[in-house]
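One structure is given here, and the rest of the page talks about it.
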Amino acid sequence: MKPVRFSFSNLLLTRAAFCLAAVAPIAIAHVEPPLTLGTSAPLPPPLPVPQDVDYPGTIRLSVDATDVARRIFRVRETIPIAAGTTQLILLYPRWIPGHHAPSGPVDDLVGLRFTAGGQSVAWTRDPVATQAFHLDLPAGTTELTAEFEYVSPTDVDQGRVVMTPDMLNIQWNLLTLYPAGFHVRRIPIVAAVTLPAEWNYGTALRSSGTTGGGHAQFDTVSLETLIDSPIFAGRYFRREQLTPRVALDIVADNAAELAATPEQIGRHRQLVVQADKLFGAQHFDHYDFLLAISDRMGGIGLEHHRSSENGVKTGYFTKWSDQPGRRNLLPHEFTHSWNGKYRRGEDLYTPDYNVPMRNSLLWVYEGQTQYWGYVLQARSGLVSKDDTLAAYASIAASYDTIPGRQWRPLSDTTNDPIISGRRPQPWLSWQRNEDYYNEGLLTWLDADMQIRTLTGGKKSLDDFARAFFGGKDGDWGTATYRLEDVVATLNSVVPYDWARFLDEHVNLIQPHAPLGWLERGGYRLVYAKEPTAYWKSNEALRKVSDLTYSLGFSIDSRENALASVLWDGPAFKAGLAVGAKLLAVNGIEYDADKLKAAISAAQTNGKPIELLFKEGDRFQTASIPYTGGLRYPRLEKIGLGEAWLDKLLAPRK
């Protein structure tokens with residue numbers, strides 16, 4: 001558009017000419033033509049709608065993953081072309097199942113070149129759908145070869161590190177182009193990979209033959225199945241067959257991290273056993289837990305139908321008692337094989353990886369998976385019942401006090417992966433962020449205790465799980481659902497106004513979290529001056545000192561800087577924000593123990609707590625008139641004997 005410029009002198013001249021014209025006619029030698037606004041360039045044609053028809057031929061994909069020093073994957077892809085095709089659009093995956101947002105890093109795809117019949121083929125990137133590549137093919141083309149590199153992050157500030165000198169994570173969506181216009185489940189593909197010699201790997205894919213030197217070729221599958229079947233590979237590898245269908249494939253930074261005891265492996269085996277008892281069917285022919293124990297490769301938790309990607313820091317086995325919170329990851333991702341993969345919200349299932357997904361039912365997909373993840377960790381013994389109850393206390397306290405509940409319903413947080421792209425946020429407690437996970441967990445705890453109340457303890461959410469997620473053993477298709485299906489299944493367990501129940505929990509603004517399940521379950525939420533063992537281990541894991549329920553902030557123990565500030569809490573009212581570095585407490589150099597002692601002393605002497613902070617190059621003093629003492633959430637049992645919450649977490653016989 002041509003810029004429009006005005007000046008004050010031009011404005012005065014224009015007004016003067018108008019006034020003179022009103023008095024007497026004048027001759028005007030030149031008149032500027034009226035300003036016309038430019039028109040924008042037309043949009044390119046939209047991408048073709050995916051059709052539910054077979055792609056004519058099988059794509060061959062070959063990945064060289066041996067350049068671990070420079071973190072470069074080299075890709076060669078051969079795509080059969082139907083007779084008479086002169087134009088082709090190739091797509092890079094953008095909407096990846098489980099990401100809940102457009103996340104395909106097409107900017108890391110480089111060196112792109114195409115050939116057909118020995119002849120170079122030019123390409124043009126779509127200016128709107130920038131993950132799409134347009135090609136004009138030479139006449140008579142029957143096969144197109146694409147070659148490119150995927151330059152994976154070499155440092156955490158570039159994204160998740162997926163390759164180190166000792167291990168790697170192949171996610172096929174990062175390394176694949178596919179033809180537009182077809183359902184991905186109708187595109188056959190055969191993949192091969194070359195790994196560093198002597199490395200081993202785990203994947204849900206099955207190999208049709210190896211040629212040695214780290215080379216493996218896999219059976220032909222659909223593109224949908226390939227993208228859903230990542231690889232963990234490494235120099236240090238251990239495989240444990242947990243059950244006839246389920247294996248645990250472990251890669252680690254060093255051999256010592258592979259040293260799992262028989263008891264630890266046994267608890268992972270019990271996870272599979274307890275999930276089978278819960279759902280009554282397994283929706284896979286085989287399943288691989290892919291577990292990376294690494295301080296160098298990026299952490300991850302991502303569900304797949306016949307496997308899951310699980311990345312944790314070192315110490316998973318070797319510091320078992322110090323890290324119970326990390327062991328929630330595998331139960332959560334395993335549950336997704338039933339909830340999220342076999343059963344999936346209708347608007348989350350799309351025909352290809354460039355049709356936008358919608359997240360309206362994530363409070364079922366992720367919320368109920370979060371619920372079953374905690375239940376299964378306790379039933380299997382991966383995490384103790386006491387630590388699981390302590391985790392419930394932490395979650396319940398957080399969502400009962402989060403001020404963002406005053407303006408934003410749970411349902412709206414299902415949009416967060418798309419809205420924020422999982423970027424850090426300045427005022428998390430006021431903004432809210434992906435609360436469908438843990439507030440969803442609280443909703444399903446409430447539903448479980450409501451079912452027990454209505455049936456006198458004869459039924460529970462276990463009955464819903466078997467009815468909704470069970471079904472045909474070995475069937476690893478996808479059955480979509482709507483909210484009406486969830487409500488109908490709940491009513492089949494026990495009649496109740498479940499539509500209203502879920503609407504109130506999910507769609508209405510509520511000042512407090514749904515905590516009615518606590519008393520019905522035989523417990524109450526209380527605050528004590530000493531944290532639970534689980535709270536302490538979680539602080540160590542996060543590397544923070546968490547004083548959210550006293551002064552209203554947590555402190556990064558590495559930088560002594562505020563890691564979070566509770567909106568409208570005591571620190572907020574004193575003018576503090578995330579990032580401020582704490583230097584002194586009541587005139588004495590800061591350390592965590594001194595601050596806790598000052599909080600306890602203020603409860604007795606009634607004096608404000610004086611804090612000295614540094615923010616940038618400015619020093620700031622904050623006087624916080626807080627006298628409530630140290631407060632850490634925990635659950636306290638009501639009465640004697642086995643309560644319903646105890647029964648929920650007890651292993652199934």
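Residue numbering restarts at 1 in every chain; chains get A, B, ... in the order shown in the structure tokens, and ligands count up from 1 in that same order.
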List every residue of stretch 206-310 of chain A that has an atom at most 10 Å from any atom of stretch 350-361 of chain A, giving for each one its closest atom pair and the distance in Å to one decimal, counting only C-alpha atoms, sorted by chain and then by ascending residue number, as a tab-separated table.
```
residue	atom	partner	partner_atom	distance
A:Leu223	CA	A:Asp352	CA	9.5
A:Glu224	CA	A:Asp352	CA	8.2
A:Ile227	CA	A:Tyr353	CA	9.9
```
Keeping only N, CA and C atoms, write the selected residues to a file as an mmCIF file, in the first residue's frame.
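out-v5.cif was written with the following content:
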```cif
data_model
loop_
_atom_site.group_PDB
_atom_site.id
_atom_site.type_symbol
_atom_site.label_atom_id
_atom_site.label_comp_id
_atom_site.auth_asym_id
_atom_site.auth_seq_id
_atom_site.Cartn_x
_atom_site.Cartn_y
_atom_site.Cartn_z
ATOM 1 N N LEU A 223 1.959 -44.197 6.398
ATOM 2 C CA LEU A 223 2.654 -43.022 6.911
ATOM 3 C C LEU A 223 2.172 -42.695 8.318
ATOM 4 N N GLU A 224 0.891 -42.890 8.588
ATOM 5 C CA GLU A 224 0.350 -42.642 9.921
ATOM 6 C C GLU A 224 1.059 -43.507 10.961
ATOM 7 N N ILE A 227 4.877 -42.305 11.414
ATOM 8 C CA ILE A 227 5.001 -41.096 12.234
ATOM 9 C C ILE A 227 4.723 -41.411 13.700
#
```
message: Need to verify the contact set: stretch 319-324 of chain A, 9 Å, only C-alpha atoms, exclusion of same-chain residues closer than 2 positions in sequence. Can you return it as a PyMOL selection string?
response: chain A and resi 264+314-317+326-328+382-384+387+534+537-538+540-541
Expected file: the selected residues, N, CA and C atoms, as a PDB file, in the first residue's frame:
```pdb
ATOM      1  N   GLN A 264      12.898 -52.884  40.688  1.00  0.00           N
ATOM      2  CA  GLN A 264      12.483 -51.736  39.886  1.00  0.00           C
ATOM      3  C   GLN A 264      11.848 -52.185  38.578  1.00  0.00           C
ATOM      4  N   THR A 314      19.184 -38.024  34.534  1.00  0.00           N
ATOM      5  CA  THR A 314      19.913 -39.144  35.119  1.00  0.00           C
ATOM      6  C   THR A 314      19.471 -39.362  36.571  1.00  0.00           C
ATOM      7  N   GLY A 315      19.585 -40.605  37.007  1.00  0.00           N
ATOM      8  CA  GLY A 315      19.183 -40.961  38.362  1.00  0.00           C
ATOM      9  C   GLY A 315      17.856 -41.674  38.444  1.00  0.00           C
ATOM     10  N   TYR A 316      17.221 -41.951  37.304  1.00  0.00           N
ATOM     11  CA  TYR A 316      15.898 -42.586  37.320  1.00  0.00           C
ATOM     12  C   TYR A 316      15.938 -43.893  38.102  1.00  0.00           C
ATOM     13  N   PHE A 317      16.937 -44.724  37.870  1.00  0.00           N
ATOM     14  CA  PHE A 317      17.100 -45.965  38.632  1.00  0.00           C
ATOM     15  C   PHE A 317      18.070 -45.791  39.791  1.00  0.00           C
ATOM     16  N   ARG A 326       9.200 -38.216  39.024  1.00  0.00           N
ATOM     17  CA  ARG A 326       9.560 -38.530  37.634  1.00  0.00           C
ATOM     18  C   ARG A 326       8.917 -39.828  37.162  1.00  0.00           C
ATOM     19  N   ARG A 327       8.537 -40.675  38.111  1.00  0.00           N
ATOM     20  CA  ARG A 327       8.007 -41.982  37.720  1.00  0.00           C
ATOM     21  C   ARG A 327       6.527 -41.927  37.372  1.00  0.00           C
ATOM     22  N   ASN A 328       5.941 -40.742  37.380  1.00  0.00           N
ATOM     23  CA  ASN A 328       4.572 -40.580  36.893  1.00  0.00           C
ATOM     24  C   ASN A 328       4.521 -40.563  35.369  1.00  0.00           C
ATOM     25  N   LEU A 382       5.049 -48.187  41.448  1.00  0.00           N
ATOM     26  CA  LEU A 382       6.086 -47.293  40.921  1.00  0.00           C
ATOM     27  C   LEU A 382       6.274 -46.097  41.850  1.00  0.00           C
ATOM     28  N   VAL A 383       5.173 -45.602  42.414  1.00  0.00           N
ATOM     29  CA  VAL A 383       5.194 -44.525  43.399  1.00  0.00           C
ATOM     30  C   VAL A 383       4.315 -44.980  44.555  1.00  0.00           C
ATOM     31  N   SER A 384       4.725 -44.704  45.775  1.00  0.00           N
ATOM     32  CA  SER A 384       3.974 -45.168  46.939  1.00  0.00           C
ATOM     33  C   SER A 384       2.624 -44.470  47.049  1.00  0.00           C
ATOM     34  N   ASP A 387       3.099 -41.014  48.694  1.00  0.00           N
ATOM     35  CA  ASP A 387       3.586 -39.982  47.773  1.00  0.00           C
ATOM     36  C   ASP A 387       2.499 -39.568  46.785  1.00  0.00           C
ATOM     37  N   TYR A 534       7.317 -35.906  49.637  1.00  0.00           N
ATOM     38  CA  TYR A 534       7.092 -35.729  48.199  1.00  0.00           C
ATOM     39  C   TYR A 534       7.327 -34.273  47.805  1.00  0.00           C
ATOM     40  N   SER A 537      11.072 -33.626  47.654  1.00  0.00           N
ATOM     41  CA  SER A 537      11.709 -34.212  46.467  1.00  0.00           C
ATOM     42  C   SER A 537      11.332 -33.432  45.217  1.00  0.00           C
ATOM     43  N   ASN A 538      10.104 -32.921  45.179  1.00  0.00           N
ATOM     44  CA  ASN A 538       9.674 -32.140  44.018  1.00  0.00           C
ATOM     45  C   ASN A 538      10.402 -30.800  43.963  1.00  0.00           C
ATOM     46  N   ALA A 540      13.431 -30.347  45.048  1.00  0.00           N
ATOM     47  CA  ALA A 540      14.785 -30.674  44.590  1.00  0.00           C
ATOM     48  C   ALA A 540      14.802 -30.928  43.086  1.00  0.00           C
ATOM     49  N   LEU A 541      13.767 -31.588  42.593  1.00  0.00           N
ATOM     50  CA  LEU A 541      13.671 -31.882  41.169  1.00  0.00           C
ATOM     51  C   LEU A 541      13.562 -30.603  40.356  1.00  0.00           C
TER      52      LEU A 541
END
```
In stretch 348-553 of chain A, DSSP helix (DSSP H, G or I) residues written as a PyMOL selection string: chain A and resi 348+362-365+367-380+385-401+403-406+410-420+428-431+438-455+461-469+483-493+498-506+516-520+533-542
Generate a file of the selected residues that holds C-alpha atoms, formatted as a compact mmCIF listing (two decimals), in the first residue's frame.
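Okay, this is what ended up in again-v5.txt:
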```txt
# COMPACT_ATOMS: atom_id res chain seq x y z
CA LEU A 348 -8.51 -34.08 17.37
CA LEU A 362 -8.41 -32.31 26.09
CA TRP A 363 -9.85 -32.35 29.61
CA VAL A 364 -10.84 -35.94 28.78
CA TYR A 365 -7.83 -36.82 26.59
CA GLY A 367 -7.25 -34.81 32.14
CA GLN A 368 -8.45 -38.37 32.53
CA THR A 369 -5.06 -39.70 31.41
CA GLN A 370 -3.52 -37.61 34.19
CA TYR A 371 -6.04 -39.16 36.57
CA TRP A 372 -5.23 -42.74 35.54
CA GLY A 373 -1.50 -42.02 35.50
CA TYR A 374 -1.54 -41.22 39.23
CA VAL A 375 -3.83 -44.16 40.00
CA LEU A 376 -1.64 -46.61 38.09
CA GLN A 377 1.59 -45.32 39.61
CA ALA A 378 0.19 -46.19 43.04
CA ARG A 379 -1.43 -49.50 42.05
CA SER A 380 1.77 -50.69 40.40
CA LYS A 385 0.42 -44.46 48.03
CA ASP A 386 1.68 -41.83 50.50
CA ASP A 387 3.59 -39.98 47.77
CA THR A 388 0.56 -40.18 45.48
CA LEU A 389 -1.67 -38.69 48.21
CA ALA A 390 0.92 -35.96 48.73
CA ALA A 391 0.83 -35.24 44.99
CA TYR A 392 -2.97 -34.96 45.17
CA ALA A 393 -2.59 -32.47 48.02
CA SER A 394 -0.20 -30.34 45.99
CA ILE A 395 -2.52 -30.34 42.96
CA ALA A 396 -5.64 -29.67 45.02
CA ALA A 397 -4.04 -26.73 46.85
CA SER A 398 -2.74 -25.22 43.62
CA TYR A 399 -6.09 -25.23 41.84
CA ASP A 400 -8.07 -24.20 44.89
CA THR A 401 -6.04 -21.00 45.19
CA PRO A 403 -6.67 -16.69 40.97
CA GLY A 404 -7.05 -17.23 37.21
CA ARG A 405 -10.17 -19.29 38.02
CA GLN A 406 -11.94 -15.96 38.64
CA LEU A 410 -11.16 -24.81 32.46
CA SER A 411 -12.49 -25.42 28.94
CA ASP A 412 -10.73 -22.33 27.58
CA THR A 413 -7.34 -23.63 28.71
CA THR A 414 -7.60 -26.40 26.09
CA ASN A 415 -6.65 -23.68 23.59
CA ASP A 416 -3.40 -22.87 25.38
CA PRO A 417 -0.98 -25.00 23.32
CA ILE A 418 -2.13 -23.08 20.24
CA ILE A 419 -2.39 -19.67 21.95
CA SER A 420 0.93 -19.66 23.79
CA LEU A 428 1.05 -18.08 35.29
CA SER A 429 -1.40 -18.14 38.20
CA TRP A 430 -3.50 -15.36 36.64
CA GLN A 431 -3.14 -16.33 32.99
CA ASN A 438 -4.35 -31.32 36.58
CA GLU A 439 -7.69 -29.61 37.02
CA GLY A 440 -8.98 -32.29 34.67
CA LEU A 441 -7.52 -34.83 37.12
CA LEU A 442 -9.49 -33.18 39.95
CA THR A 443 -12.67 -33.29 37.85
CA TRP A 444 -12.30 -37.04 37.33
CA LEU A 445 -11.48 -37.63 41.00
CA ASP A 446 -14.75 -35.87 41.76
CA ALA A 447 -16.55 -38.05 39.21
CA ASP A 448 -15.08 -41.23 40.72
CA MET A 449 -16.20 -40.33 44.24
CA GLN A 450 -19.63 -39.31 42.92
CA ILE A 451 -20.03 -42.76 41.32
CA ARG A 452 -18.99 -44.43 44.59
CA THR A 453 -21.45 -42.26 46.52
CA LEU A 454 -24.34 -43.06 44.18
CA THR A 455 -23.63 -46.81 44.21
CA LEU A 461 -14.56 -44.77 37.43
CA ASP A 462 -12.85 -48.11 36.77
CA ASP A 463 -16.19 -49.26 35.36
CA PHE A 464 -16.24 -46.26 33.01
CA ALA A 465 -12.67 -47.01 31.89
CA ARG A 466 -13.44 -50.61 31.00
CA ALA A 467 -16.61 -49.63 29.11
CA PHE A 468 -15.17 -46.59 27.30
CA PHE A 469 -11.55 -47.58 26.65
CA LEU A 483 -18.96 -35.30 24.71
CA GLU A 484 -22.32 -37.04 24.32
CA ASP A 485 -20.50 -40.40 24.22
CA VAL A 486 -18.68 -39.62 27.47
CA VAL A 487 -21.95 -38.66 29.17
CA ALA A 488 -23.77 -41.73 27.86
CA THR A 489 -21.07 -44.08 29.14
CA LEU A 490 -21.10 -42.43 32.58
CA ASN A 491 -24.88 -42.87 32.67
CA SER A 492 -24.46 -46.54 31.77
CA VAL A 493 -22.32 -46.93 34.89
CA TRP A 498 -23.56 -36.12 34.18
CA ALA A 499 -24.04 -33.50 31.47
CA ARG A 500 -24.67 -30.85 34.13
CA PHE A 501 -21.85 -32.23 36.33
CA LEU A 502 -19.28 -31.92 33.55
CA ASP A 503 -20.63 -28.58 32.34
CA GLU A 504 -20.22 -27.08 35.82
CA HIS A 505 -16.70 -28.42 36.19
CA VAL A 506 -15.45 -27.59 32.71
CA GLY A 516 -15.78 -32.42 47.15
CA TRP A 517 -14.14 -35.76 46.37
CA LEU A 518 -11.76 -35.32 49.28
CA GLU A 519 -14.23 -35.72 52.13
CA ARG A 520 -16.20 -38.36 50.26
CA ALA A 533 8.66 -35.91 51.67
CA TYR A 534 7.09 -35.73 48.20
CA TRP A 535 7.05 -31.90 48.34
CA LYS A 536 10.75 -31.86 49.29
CA SER A 537 11.71 -34.21 46.47
CA ASN A 538 9.67 -32.14 44.02
CA GLU A 539 11.44 -28.97 45.17
CA ALA A 540 14.79 -30.67 44.59
CA LEU A 541 13.67 -31.88 41.17
CA ARG A 542 12.52 -28.40 40.13
```
- request: Rounded to one decimal place, report the atom CA of A:Ala601-atom CA of A:Thr627 distance in Å.
  value: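 About the pair atom CA of A:Ala601 and atom CA of A:Thr627: they are 8.4 Å apart.
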message: Using DSSP secondary structure from the backbone, list all strand (DSSP E) positions within stretch 259-376 of chain A, as a count of residues only.
response: 20
field: Spatial neighbours of A:Ile231, max dist 10 Å, only C-alpha atoms, sep filter under 2 positions, as a list in words
entry: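 My list of contacting residues is Leu168, Asn169, Ile170, Gln171, Trp172, Val193, Tyr201, Gly202, Thr203, Ala204, Leu205, Ser229, Ala233, Gly234, Asp249, Asp288, Leu290, Ser307, Ser308 and Glu309 of chain A.
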Serialized selection, N, CA and C atoms, as a compact mmCIF listing (two decimals), in the first residue's frame:
```txt
# COMPACT_ATOMS: atom_id res chain seq x y z
N LEU A 168 20.22 -40.97 20.38
CA LEU A 168 19.40 -40.12 19.52
C LEU A 168 17.94 -40.56 19.58
N ASN A 169 17.10 -39.66 19.15
CA ASN A 169 15.65 -39.88 19.08
C ASN A 169 15.21 -39.55 17.66
N ILE A 170 14.82 -40.57 16.90
CA ILE A 170 14.29 -40.34 15.55
C ILE A 170 12.78 -40.16 15.65
N GLN A 171 12.32 -38.98 15.28
CA GLN A 171 10.89 -38.69 15.14
C GLN A 171 10.67 -38.50 13.64
N TRP A 172 9.97 -39.44 13.04
CA TRP A 172 9.87 -39.48 11.59
C TRP A 172 9.20 -38.24 11.00
N VAL A 193 17.03 -46.95 8.26
CA VAL A 193 17.88 -46.02 9.01
C VAL A 193 19.26 -46.62 9.18
N TYR A 201 18.77 -50.13 19.33
CA TYR A 201 17.63 -49.23 19.26
C TYR A 201 16.36 -49.94 19.73
N GLY A 202 15.37 -49.11 20.08
CA GLY A 202 14.04 -49.60 20.40
C GLY A 202 13.02 -48.83 19.59
N THR A 203 12.00 -49.52 19.14
CA THR A 203 10.91 -48.90 18.37
C THR A 203 9.76 -49.88 18.27
N ALA A 204 8.58 -49.36 18.01
CA ALA A 204 7.43 -50.23 17.76
C ALA A 204 7.45 -50.79 16.34
N LEU A 205 8.27 -50.22 15.46
CA LEU A 205 8.40 -50.75 14.11
C LEU A 205 9.08 -52.12 14.16
N SER A 229 5.62 -44.05 15.27
CA SER A 229 6.55 -45.09 15.73
C SER A 229 7.99 -44.58 15.77
N ALA A 233 17.68 -44.70 20.18
CA ALA A 233 18.86 -45.51 19.90
C ALA A 233 20.03 -44.97 20.69
N GLY A 234 20.97 -45.85 21.01
CA GLY A 234 22.11 -45.37 21.77
C GLY A 234 23.23 -46.37 21.92
N ASP A 249 12.54 -50.36 26.64
CA ASP A 249 13.79 -50.13 25.91
C ASP A 249 14.46 -48.89 26.49
N ASP A 288 6.25 -50.69 23.10
CA ASP A 288 7.60 -50.40 23.59
C ASP A 288 7.62 -49.10 24.39
N LEU A 290 9.82 -46.43 25.37
CA LEU A 290 11.13 -45.90 24.99
C LEU A 290 11.55 -44.94 26.10
N SER A 307 3.83 -47.34 21.41
CA SER A 307 5.06 -46.97 22.11
C SER A 307 4.85 -45.62 22.76
N SER A 308 5.84 -45.20 23.52
CA SER A 308 5.83 -43.84 24.06
C SER A 308 7.26 -43.36 24.21
N GLU A 309 7.45 -42.05 24.02
CA GLU A 309 8.75 -41.42 24.21
C GLU A 309 8.81 -40.83 25.61
```
Considering only C-alpha atoms, tabulate each residue of stretch 243-308 of chain A that lies at most 8 Å from stretch 638-653 of chain A along with its nearest interatomic pair and the corresponding distance in Å to one decimal; arrange the rows by chain and ascending residue number and present them as a tab-separated table.
```
residue	atom	partner	partner_atom	distance
A:Gln274	CA	A:Arg652	CA	6.6
A:Lys277	CA	A:Arg652	CA	6.8
A:Leu278	CA	A:Arg652	CA	7.8
```
Among the residues A:Leu88, A:Ile96, A:Val251, A:Leu258, the one that comes closest to A:Thr164 [using only C-alpha atoms]: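 Closest to A:Thr164 of all the choices is A:Val251.
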message: Considering only C-alpha atoms, can you say which of A:Val161, A:Leu135, A:Val53, A:Ile588 comes closest to A:Arg185?
response: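 Using only C-alpha atoms, the shortest distance to A:Arg185 belongs to A:Val53.
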Residues within 10 Å of stretch 216-222 of chain A, please, as a PDB file with C-alpha atoms, in the first residue's frame. Count only C-alpha atoms; anything in the same chain fewer than 2 positions from it doesn't count.
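To be explicit, this is the file written out as out.pdb:
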```
ATOM      1  CA  THR A  58       5.040 -46.999  -1.814  1.00  0.00           C
ATOM      2  CA  ILE A  59       7.375 -44.222  -0.663  1.00  0.00           C
ATOM      3  CA  ARG A  60      10.934 -45.253   0.218  1.00  0.00           C
ATOM      4  CA  LEU A  61      12.596 -43.287   3.023  1.00  0.00           C
ATOM      5  CA  SER A  62      16.252 -43.628   3.997  1.00  0.00           C
ATOM      6  CA  HIS A 183      -5.204 -39.478   4.067  1.00  0.00           C
ATOM      7  CA  VAL A 184      -1.894 -40.367   5.684  1.00  0.00           C
ATOM      8  CA  ARG A 185      -3.252 -43.777   6.689  1.00  0.00           C
ATOM      9  CA  ARG A 186      -3.569 -44.540   2.933  1.00  0.00           C
ATOM     10  CA  ILE A 187       0.047 -43.658   2.040  1.00  0.00           C
ATOM     11  CA  PRO A 188       2.362 -46.727   2.211  1.00  0.00           C
ATOM     12  CA  ILE A 189       5.978 -46.125   3.191  1.00  0.00           C
ATOM     13  CA  VAL A 190       9.021 -48.277   3.881  1.00  0.00           C
ATOM     14  CA  ALA A 191      11.713 -46.698   6.051  1.00  0.00           C
ATOM     15  CA  ALA A 192      15.365 -47.546   6.626  1.00  0.00           C
ATOM     16  CA  VAL A 193      17.878 -46.016   9.005  1.00  0.00           C
ATOM     17  CA  THR A 194      21.632 -46.150   9.425  1.00  0.00           C
ATOM     18  CA  LEU A 195      22.808 -45.675  13.005  1.00  0.00           C
ATOM     19  CA  TYR A 201      17.629 -49.231  19.262  1.00  0.00           C
ATOM     20  CA  LEU A 205       8.405 -50.753  14.112  1.00  0.00           C
ATOM     21  CA  ARG A 206       9.446 -54.229  13.098  1.00  0.00           C
ATOM     22  CA  SER A 207      12.502 -54.817  10.918  1.00  0.00           C
ATOM     23  CA  SER A 208      12.304 -56.763   7.690  1.00  0.00           C
ATOM     24  CA  GLY A 209      16.046 -57.285   7.734  1.00  0.00           C
ATOM     25  CA  THR A 210      19.332 -55.717   8.748  1.00  0.00           C
ATOM     26  CA  THR A 211      22.527 -55.464   6.753  1.00  0.00           C
ATOM     27  CA  GLY A 212      24.875 -54.760   9.656  1.00  0.00           C
ATOM     28  CA  GLY A 213      26.876 -51.655  10.454  1.00  0.00           C
ATOM     29  CA  GLY A 214      23.894 -50.173  12.246  1.00  0.00           C
ATOM     30  CA  GLU A 224       0.350 -42.642   9.921  1.00  0.00           C
ATOM     31  CA  THR A 225       1.931 -45.680  11.585  1.00  0.00           C
ATOM     32  CA  LEU A 226       5.473 -44.563  10.732  1.00  0.00           C
ATOM     33  CA  ILE A 227       5.001 -41.096  12.234  1.00  0.00           C
ATOM     34  CA  ASP A 228       3.499 -42.799  15.298  1.00  0.00           C
TER      35      ASP A 228
END
```
- line: Here atom CA of A:His100 and atom CA of A:Leu248 stand apart by 26.1 Å
query: What gap, in Å, lies between atom CA of A:Ala281 and atom CA of A:Gln241?
result: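 It comes out at 18.9 Å.
Of the listed residues A:Val68, A:Val272, A:Ile402, A:Val49, the one whose atoms come nearest to A:Trp199 is A:Val68, with distances taken using only C-alpha atoms.
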